>>> print(open('data36.cif').read())   # mmCIF, C-alpha atoms
data_query
#
loop_
_atom_site.group_PDB
_atom_site.id
_atom_site.type_symbol
_atom_site.label_atom_id
_atom_site.label_comp_id
_atom_site.auth_asym_id
_atom_site.auth_seq_id
_atom_site.Cartn_x
_atom_site.Cartn_y
_atom_site.Cartn_z
ATOM 1 C CA MET X 763 -75.679 -38.212 104.989
ATOM 2 C CA THR X 764 -78.989 -36.463 105.527
ATOM 3 C CA LYS X 765 -81.001 -34.473 103.014
ATOM 4 C CA ARG X 766 -80.300 -31.370 105.091
ATOM 5 C CA LEU X 767 -76.529 -31.818 104.705
ATOM 6 C CA ARG X 768 -76.961 -32.417 100.963
ATOM 7 C CA LEU X 769 -78.947 -29.186 100.753
ATOM 8 C CA ILE X 770 -76.199 -27.308 102.597
ATOM 9 C CA LEU X 771 -73.530 -28.664 100.252
ATOM 10 C CA THR X 772 -75.600 -27.648 97.248
ATOM 11 C CA ARG X 773 -76.090 -24.123 98.538
ATOM 12 C CA VAL X 774 -72.498 -23.664 99.626
ATOM 13 C CA GLY X 775 -71.143 -24.933 96.342
ATOM 14 C CA ILE X 776 -67.566 -25.026 95.221
ATOM 15 C CA SER X 777 -66.739 -21.392 96.009
ATOM 16 C CA GLY X 778 -68.060 -21.786 99.501
ATOM 17 C CA LEU X 779 -65.842 -24.777 100.177
ATOM 18 C CA VAL X 780 -62.815 -22.919 98.865
ATOM 19 C CA ILE X 781 -63.548 -20.074 101.267
ATOM 20 C CA LEU X 782 -63.809 -22.559 104.103
ATOM 21 C CA PHE X 783 -60.373 -23.902 103.201
ATOM 22 C CA LEU X 784 -58.832 -20.445 103.247
ATOM 23 C CA GLY X 785 -60.843 -18.716 105.931
ATOM 24 C CA ALA X 786 -59.084 -17.253 108.936
ATOM 25 C CA CYS X 787 -60.507 -15.372 111.860
ATOM 26 C CA SER X 788 -59.004 -12.149 113.181
ATOM 27 C CA SER X 789 -59.510 -10.947 116.706
ATOM 28 C CA LYS X 790 -58.908 -7.665 118.507
ATOM 29 C CA LYS X 791 -55.538 -8.853 119.763
ATOM 30 C CA ASP X 792 -54.377 -9.082 116.145
ATOM 31 C CA ILE X 793 -55.636 -5.652 115.112
ATOM 32 C CA LEU X 794 -55.582 -3.085 117.939
ATOM 33 C CA TYR X 795 -52.463 -1.010 118.642
ATOM 34 C CA MET X 796 -50.895 -0.646 122.097
ATOM 35 C CA GLN X 797 -53.502 -2.792 123.818
ATOM 36 C CA ASP X 798 -51.840 -2.553 127.231
ATOM 37 C CA ILE X 799 -51.369 1.222 127.215
ATOM 38 C CA GLU X 800 -53.631 1.736 130.235
ATOM 39 C CA SER X 801 -51.479 -0.508 132.409
ATOM 40 C CA MET X 802 -48.272 1.356 131.644
ATOM 41 C CA GLU X 803 -46.864 4.099 133.804
ATOM 42 C CA ALA X 804 -46.165 7.589 132.519
ATOM 43 C CA MET X 805 -43.492 7.400 129.845
ATOM 44 C CA THR X 806 -40.657 9.804 129.169
ATOM 45 C CA THR X 807 -38.801 10.627 125.967
ATOM 46 C CA ASP X 808 -35.371 9.830 127.404
ATOM 47 C CA ASN X 809 -34.867 7.173 124.735
ATOM 48 C CA TYR X 810 -34.559 9.791 121.991
ATOM 49 C CA ASN X 811 -31.061 9.984 120.527
ATOM 50 C CA PRO X 812 -30.631 12.594 117.791
ATOM 51 C CA PRO X 813 -29.383 11.057 114.545
ATOM 52 C CA THR X 814 -25.742 11.637 113.706
ATOM 53 C CA ILE X 815 -24.404 12.815 110.383
ATOM 54 C CA ARG X 816 -23.268 10.011 108.086
ATOM 55 C CA ALA X 817 -21.373 9.589 104.851
ATOM 56 C CA ASN X 818 -23.462 10.553 101.791
ATOM 57 C CA ASP X 819 -25.726 12.819 103.830
ATOM 58 C CA ILE X 820 -26.401 16.149 102.138
ATOM 59 C CA LEU X 821 -26.142 19.099 104.510
ATOM 60 C CA LYS X 822 -27.713 22.468 103.895
ATOM 61 C CA ILE X 823 -25.635 24.919 105.944
ATOM 62 C CA ASN X 824 -26.650 28.559 106.123
ATOM 63 C CA VAL X 825 -24.365 31.075 107.829
ATOM 64 C CA ALA X 826 -25.884 34.431 108.715
ATOM 65 C CA SER X 827 -24.876 37.479 110.706
ATOM 66 C CA PHE X 828 -25.869 41.084 111.304
ATOM 67 C CA ASP X 829 -23.282 41.839 108.643
ATOM 68 C CA MET X 830 -24.611 39.703 105.799
ATOM 69 C CA GLU X 831 -21.884 40.798 103.411
ATOM 70 C CA ALA X 832 -19.244 39.461 105.801
ATOM 71 C CA ALA X 833 -21.161 36.170 106.083
ATOM 72 C CA MET X 834 -21.403 35.556 102.336
ATOM 73 C CA PRO X 835 -17.975 33.868 101.942
ATOM 74 C CA PHE X 836 -19.154 31.098 104.320
ATOM 75 C CA ASN X 837 -22.124 30.188 102.128
ATOM 76 C CA LEU X 838 -22.223 28.195 98.906
ATOM 77 C CA MET X 839 -24.535 30.011 96.540
ATOM 78 C CA GLN X 840 -25.891 28.907 93.204
ATOM 79 C CA PRO X 841 -25.202 31.407 90.416
ATOM 80 C CA ALA X 842 -28.031 33.806 89.638
ATOM 81 C CA ARG X 843 -30.309 32.318 86.988
ATOM 82 C CA ASN X 844 -30.471 35.457 84.858
ATOM 83 C CA ILE X 845 -28.960 38.909 84.576
ATOM 84 C CA SER X 846 -31.779 40.569 86.526
ATOM 85 C CA GLU X 847 -30.899 38.420 89.549
ATOM 86 C CA LEU X 848 -27.240 39.376 89.629
ATOM 87 C CA GLY X 849 -26.330 40.946 92.940
ATOM 88 C CA ARG X 850 -29.596 39.856 94.570
ATOM 89 C CA THR X 851 -28.461 37.405 97.257
ATOM 90 C CA ASN X 852 -31.991 36.648 98.476
ATOM 91 C CA ASN X 853 -32.828 35.102 95.086
ATOM 92 C CA ARG X 854 -29.999 32.576 95.245
ATOM 93 C CA GLU X 855 -30.403 29.107 96.669
ATOM 94 C CA ILE X 856 -27.990 27.621 99.164
ATOM 95 C CA GLN X 857 -26.314 24.466 97.861
ATOM 96 C CA GLY X 858 -25.793 21.304 99.855
ATOM 97 C CA TYR X 859 -22.563 19.793 101.139
ATOM 98 C CA ILE X 860 -22.251 16.064 100.393
ATOM 99 C CA VAL X 861 -20.497 14.218 103.220
ATOM 100 C CA ASN X 862 -17.593 12.240 101.769
ATOM 101 C CA ASN X 863 -16.999 8.564 102.542
ATOM 102 C CA ASP X 864 -14.313 9.622 105.031
ATOM 103 C CA GLY X 865 -16.883 11.739 106.889
ATOM 104 C CA THR X 866 -15.623 15.143 105.753
ATOM 105 C CA ILE X 867 -16.934 18.131 103.818
ATOM 106 C CA GLU X 868 -15.111 20.944 102.079
ATOM 107 C CA PHE X 869 -16.267 24.167 103.708
ATOM 108 C CA PRO X 870 -15.563 27.682 102.433
ATOM 109 C CA VAL X 871 -12.712 29.484 104.219
ATOM 110 C CA LEU X 872 -12.364 26.724 106.854
ATOM 111 C CA GLY X 873 -11.345 23.981 104.419
ATOM 112 C CA THR X 874 -11.779 20.253 105.189
ATOM 113 C CA LEU X 875 -13.992 19.565 108.210
ATOM 114 C CA GLU X 876 -14.821 16.253 109.892
ATOM 115 C CA VAL X 877 -18.577 16.174 110.384
ATOM 116 C CA ALA X 878 -19.593 12.479 110.447
ATOM 117 C CA GLY X 879 -20.565 11.232 113.871
ATOM 118 C CA LYS X 880 -21.755 14.651 115.021
ATOM 119 C CA THR X 881 -25.375 15.475 115.639
ATOM 120 C CA ARG X 882 -26.821 18.477 113.883
ATOM 121 C CA GLN X 883 -26.625 20.555 117.060
ATOM 122 C CA GLU X 884 -23.031 19.479 117.722
ATOM 123 C CA LEU X 885 -22.059 20.619 114.246
ATOM 124 C CA VAL X 886 -23.817 23.954 114.807
ATOM 125 C CA THR X 887 -21.792 24.487 117.992
ATOM 126 C CA PHE X 888 -18.553 23.479 116.233
ATOM 127 C CA LEU X 889 -19.118 25.832 113.291
ATOM 128 C CA LYS X 890 -20.046 28.735 115.549
ATOM 129 C CA LYS X 891 -16.699 28.381 117.269
ATOM 130 C CA GLU X 892 -14.689 28.057 114.051
ATOM 131 C CA ILE X 893 -16.494 30.796 112.121
ATOM 132 C CA GLY X 894 -16.498 33.022 115.200
ATOM 133 C CA ALA X 895 -12.798 33.668 114.593
ATOM 134 C CA TYR X 896 -13.785 35.468 111.374
ATOM 135 C CA LEU X 897 -17.332 36.632 111.938
ATOM 136 C CA LYS X 898 -18.948 38.243 114.963
ATOM 137 C CA ASP X 899 -21.928 36.361 116.449
ATOM 138 C CA PRO X 900 -22.539 33.986 113.512
ATOM 139 C CA ILE X 901 -25.945 32.357 113.202
ATOM 140 C CA ILE X 902 -25.767 28.779 111.893
ATOM 141 C CA ASN X 903 -28.687 26.806 110.511
ATOM 142 C CA ILE X 904 -28.139 23.188 109.410
ATOM 143 C CA GLU X 905 -30.531 20.739 107.787
ATOM 144 C CA ILE X 906 -30.026 17.192 106.477
ATOM 145 C CA ILE X 907 -31.869 17.687 103.216
ATOM 146 C CA ASN X 908 -31.804 14.045 102.080
ATOM 147 C CA TYR X 909 -33.200 12.723 105.393
ATOM 148 C CA LYS X 910 -35.637 10.055 104.282
ATOM 149 C CA ILE X 911 -37.347 6.877 105.427
ATOM 150 C CA THR X 912 -38.990 4.079 103.429
ATOM 151 C CA VAL X 913 -42.193 2.215 104.321
ATOM 152 C CA LEU X 914 -43.034 -0.976 102.416
ATOM 153 C CA GLY X 915 -45.475 -3.853 102.623
ATOM 154 C CA GLU X 916 -49.055 -3.874 103.854
ATOM 155 C CA VAL X 917 -49.670 -0.130 104.168
ATOM 156 C CA ASN X 918 -52.030 2.023 102.170
ATOM 157 C CA ARG X 919 -49.390 4.291 100.596
ATOM 158 C CA PRO X 920 -45.975 2.571 100.522
ATOM 159 C CA GLY X 921 -43.038 4.677 99.411
ATOM 160 C CA THR X 922 -39.992 6.721 100.360
ATOM 161 C CA PHE X 923 -40.623 9.926 102.294
ATOM 162 C CA THR X 924 -38.327 12.924 102.737
ATOM 163 C CA ILE X 925 -38.463 14.219 106.317
ATOM 164 C CA SER X 926 -38.054 17.904 107.128
ATOM 165 C CA ASN X 927 -37.885 17.233 110.871
ATOM 166 C CA GLU X 928 -35.276 14.698 111.977
ATOM 167 C CA ARG X 929 -37.354 13.794 115.034
ATOM 168 C CA ILE X 930 -39.796 11.263 113.591
ATOM 169 C CA THR X 931 -41.318 8.212 115.256
ATOM 170 C CA LEU X 932 -42.325 4.835 113.881
ATOM 171 C CA LEU X 933 -46.010 5.684 114.305
ATOM 172 C CA GLU X 934 -45.586 8.958 112.416
ATOM 173 C CA ALA X 935 -43.875 7.122 109.566
ATOM 174 C CA LEU X 936 -46.724 4.601 109.382
ATOM 175 C CA GLY X 937 -49.154 7.516 109.387
ATOM 176 C CA MET X 938 -47.355 9.101 106.435
ATOM 177 C CA ALA X 939 -47.783 5.805 104.591
ATOM 178 C CA GLY X 940 -51.529 5.858 105.228
ATOM 179 C CA ASP X 941 -51.408 3.408 108.178
ATOM 180 C CA LEU X 942 -51.442 -0.382 107.970
ATOM 181 C CA ASN X 943 -54.201 -1.931 105.933
ATOM 182 C CA ILE X 944 -56.297 -4.743 107.406
ATOM 183 C CA TYR X 945 -53.816 -7.337 106.136
ATOM 184 C CA GLY X 946 -50.755 -5.855 107.878
ATOM 185 C CA LYS X 947 -49.132 -8.000 110.561
ATOM 186 C CA ARG X 948 -49.064 -5.660 113.541
ATOM 187 C CA ASN X 949 -47.035 -7.848 115.887
ATOM 188 C CA ASN X 950 -44.061 -8.408 113.590
ATOM 189 C CA ILE X 951 -43.051 -5.171 111.825
ATOM 190 C CA LEU X 952 -39.505 -5.299 110.498
ATOM 191 C CA LEU X 953 -37.197 -2.282 110.778
ATOM 192 C CA LEU X 954 -33.907 -2.239 108.840
ATOM 193 C CA ARG X 955 -31.192 0.245 109.817
ATOM 194 C CA GLU X 956 -27.606 0.995 108.916
ATOM 195 C CA ASP X 957 -25.668 1.886 112.040
ATOM 196 C CA ASN X 958 -21.917 2.531 112.157
ATOM 197 C CA GLY X 959 -21.415 0.781 108.859
ATOM 198 C CA GLN X 960 -23.432 -2.286 109.891
ATOM 199 C CA ARG X 961 -26.891 -3.296 108.713
ATOM 200 C CA ILE X 962 -29.089 -4.336 111.610
ATOM 201 C CA TYR X 963 -32.734 -5.286 111.917
ATOM 202 C CA HIS X 964 -35.319 -5.289 114.671
ATOM 203 C CA LYS X 965 -38.841 -6.713 114.879
ATOM 204 C CA ILE X 966 -41.478 -4.542 116.516
ATOM 205 C CA ASP X 967 -44.861 -5.471 117.992
ATOM 206 C CA ILE X 968 -47.117 -2.409 117.956
ATOM 207 C CA THR X 969 -50.000 -4.290 119.598
ATOM 208 C CA GLN X 970 -48.026 -3.835 122.840
ATOM 209 C CA SER X 971 -46.892 -0.508 124.261
ATOM 210 C CA ASP X 972 -43.322 -1.333 125.241
ATOM 211 C CA PHE X 973 -42.049 -0.531 121.737
ATOM 212 C CA ILE X 974 -42.448 3.160 122.629
ATOM 213 C CA GLN X 975 -39.437 2.834 124.945
ATOM 214 C CA SER X 976 -37.415 0.998 122.317
ATOM 215 C CA PRO X 977 -34.390 2.670 120.662
ATOM 216 C CA PHE X 978 -36.174 1.918 117.388
ATOM 217 C CA TYR X 979 -39.239 4.028 118.232
ATOM 218 C CA TYR X 980 -37.472 7.130 116.925
ATOM 219 C CA LEU X 981 -36.301 6.619 113.366
ATOM 220 C CA LYS X 982 -33.020 7.579 111.743
ATOM 221 C CA GLN X 983 -32.203 8.600 108.189
ATOM 222 C CA ASN X 984 -32.562 5.840 105.604
ATOM 223 C CA ASP X 985 -34.478 3.496 107.940
ATOM 224 C CA VAL X 986 -36.650 0.965 106.098
ATOM 225 C CA ILE X 987 -39.916 -0.279 107.621
ATOM 226 C CA TYR X 988 -41.499 -3.422 106.229
ATOM 227 C CA VAL X 989 -45.009 -4.459 107.267
ATOM 228 C CA GLN X 990 -45.425 -8.174 106.681
ATOM 229 C CA PRO X 991 -48.723 -9.658 105.426
ATOM 230 C CA ASN X 992 -50.822 -11.631 107.883
ATOM 231 C CA SER X 993 -51.881 -15.215 107.346
ATOM 232 C CA ALA X 994 -55.135 -14.210 105.637
ATOM 233 C CA GLN X 995 -53.260 -12.247 102.981
ATOM 234 C CA VAL X 996 -50.728 -15.026 102.496
ATOM 235 C CA GLY X 997 -53.585 -17.505 102.145
ATOM 236 C CA ALA X 998 -55.319 -15.267 99.609
ATOM 237 C CA ALA X 999 -52.128 -15.062 97.562
ATOM 238 C CA ALA X 1000 -51.853 -18.849 97.628
ATOM 239 C CA TYR X 1001 -55.495 -19.138 96.569
ATOM 240 C CA ASN X 1002 -54.936 -16.850 93.604
ATOM 241 C CA ARG X 1003 -52.047 -19.024 92.420
ATOM 242 C CA ASN X 1004 -53.735 -22.381 93.088
ATOM 243 C CA ALA X 1005 -57.385 -21.587 92.549
ATOM 244 C CA THR X 1006 -57.858 -24.378 89.988
ATOM 245 C CA VAL X 1007 -56.379 -26.923 92.392
ATOM 246 C CA TYR X 1008 -58.768 -25.911 95.181
ATOM 247 C CA ILE X 1009 -61.740 -25.940 92.839
ATOM 248 C CA SER X 1010 -60.820 -29.417 91.644
ATOM 249 C CA ILE X 1011 -60.554 -30.658 95.233
ATOM 250 C CA ALA X 1012 -63.881 -29.076 96.081
ATOM 251 C CA SER X 1013 -65.524 -30.674 93.043
ATOM 252 C CA VAL X 1014 -64.236 -34.099 94.031
ATOM 253 C CA LEU X 1015 -65.494 -33.684 97.591
ATOM 254 C CA ILE X 1016 -68.937 -32.635 96.422
ATOM 255 C CA SER X 1017 -69.108 -35.541 94.008
ATOM 256 C CA ILE X 1018 -68.122 -37.987 96.759
ATOM 257 C CA ALA X 1019 -70.710 -36.487 99.105
ATOM 258 C CA VAL X 1020 -73.433 -36.822 96.474
ATOM 259 C CA LEU X 1021 -72.532 -40.463 95.761
ATOM 260 C CA ILE X 1022 -72.570 -41.322 99.470
ATOM 261 C CA THR X 1023 -76.011 -39.810 99.973
ATOM 262 C CA ARG X 1024 -77.616 -41.720 97.101
#
>>> encode(input="data36.cif", output="structure tokens")
Amino acid sequence: MTKRLRLILTRVGISGLVILFLGACSSKKDILYMQDIESMEAMTTDNYNPPTIRANDILKINVASFDMEAAMPFNLMQPARNISELGRTNNREIQGYIVNNDGTIEFPVLGTLEVAGKTRQELVTFLKKEIGAYLKDPIINIEIINYKITVLGEVNRPGTFTISNERITLLEALGMAGDLNIYGKRNNILLLREDNGQRIYHKIDITQSDFIQSPFYYLKQNDVIYVQPNSAQVGAAAYNRNATVYISIASVLISIAVLITR
């Protein structure tokens, strides 16, 4: 072994050898999103399917009309919080309807209604027809107030997010979570979904553009997105647990190299 190599070993030292053991190179193909977007033809949004109402969803249903007094029996109202609010409808908050396990809700005047399996717009149309027998030209507004998605793993702000607009995409959800950090595995994002009583999963590669046409591009309530760590992050975690082992190995190698060069 030459003096130059001995000098290199001395300068690199133990920490340098450990880094060499764990080092991994990343390239553009591992980092950039939708790398083939320029080669794709114009895309449509035909793959959007509005989410359907499920058991345990909480529905905020507001019934209005030109005759607001006639519409009041079709709304669940919280009691006024104090005496000064009595009789002031605009200061009351509309309560939510929890969808039972059998897919029904108990609705004022109309009684038990089957709502599971309907989209929000389908339920609006259904209620307009049913309430129309009692109220002229009813105006129905429905919102799933516990519509949420969860983003976990290698993102900057993991957490559970309540969505006011049911039309949300995977990219928007990742944006809400602060985007993937540098250690996020972009070609193997896991999406967990409960669909018709079954738990399913799908792996998504956002380095390619075809995921935009996937049925998993638009999210549904209670979807869970998990961004897996890349090999560099996994290696770093292993280093943190086994640092003393690597340092010992490096020390032995340096000692052997010094003995050989004597």
>>> atom_distance(input="data36.cif", atom1="CA of Phe828 in chain X", atom2="CA of Glu892 in chain X")
17.4 Å
>>> atom_distance(input="data36.cif", atom1="CA of Asp972 in chain X", atom2="CA of Asn927 in chain X")
24.1 Å
>>> closest_residue(input="data36.cif", among="X:Thr924, X:Gln983, X:Asn918, X:Ser976", to="Gly940 in chain X", atoms="only C-alpha atoms")
X:Asn918
>>> atom_distance(input="data36.cif", atom1="CA of Asn908 in chain X", atom2="CA of Asp819 in chain X")
6.4 Å
>>> closest_residue(input="data36.cif", among="X:Asn984, X:Asn958, X:Gln797, X:Asn903", to="Lys890 in chain X", atoms="only C-alpha atoms")
X:Asn903
>>> residues_around(input="data36.cif", residues="Arg955 in chain X", least_positions_apart="6", cutoff="12 Å", atoms="all atoms listed in the file", output="list of chain:residue names")
X:Pro813, X:Ile911, X:Thr912, X:Arg961, X:Ile962, X:Tyr963, X:His964, X:Lys965, X:Pro977, X:Phe978, X:Tyr980, X:Leu981, X:Lys982, X:Gln983, X:Asn984, X:Asp985, X:Val986, X:Ile987, X:Tyr988
>>> residues_around(input="data36.cif", residues="Gly879 in chain X", least_positions_apart="5", cutoff="7 Å", atoms="only C-alpha atoms", output="ChimeraX atom specification")
/X:814-816
>>> residues_around(input="data36.cif", residues="Gln883 in chain X", least_positions_apart="2", cutoff="10 Å", atoms="all atoms listed in the file", output="PyMOL selection string")
chain X and resi 812+814+880-881+885-889+902-904
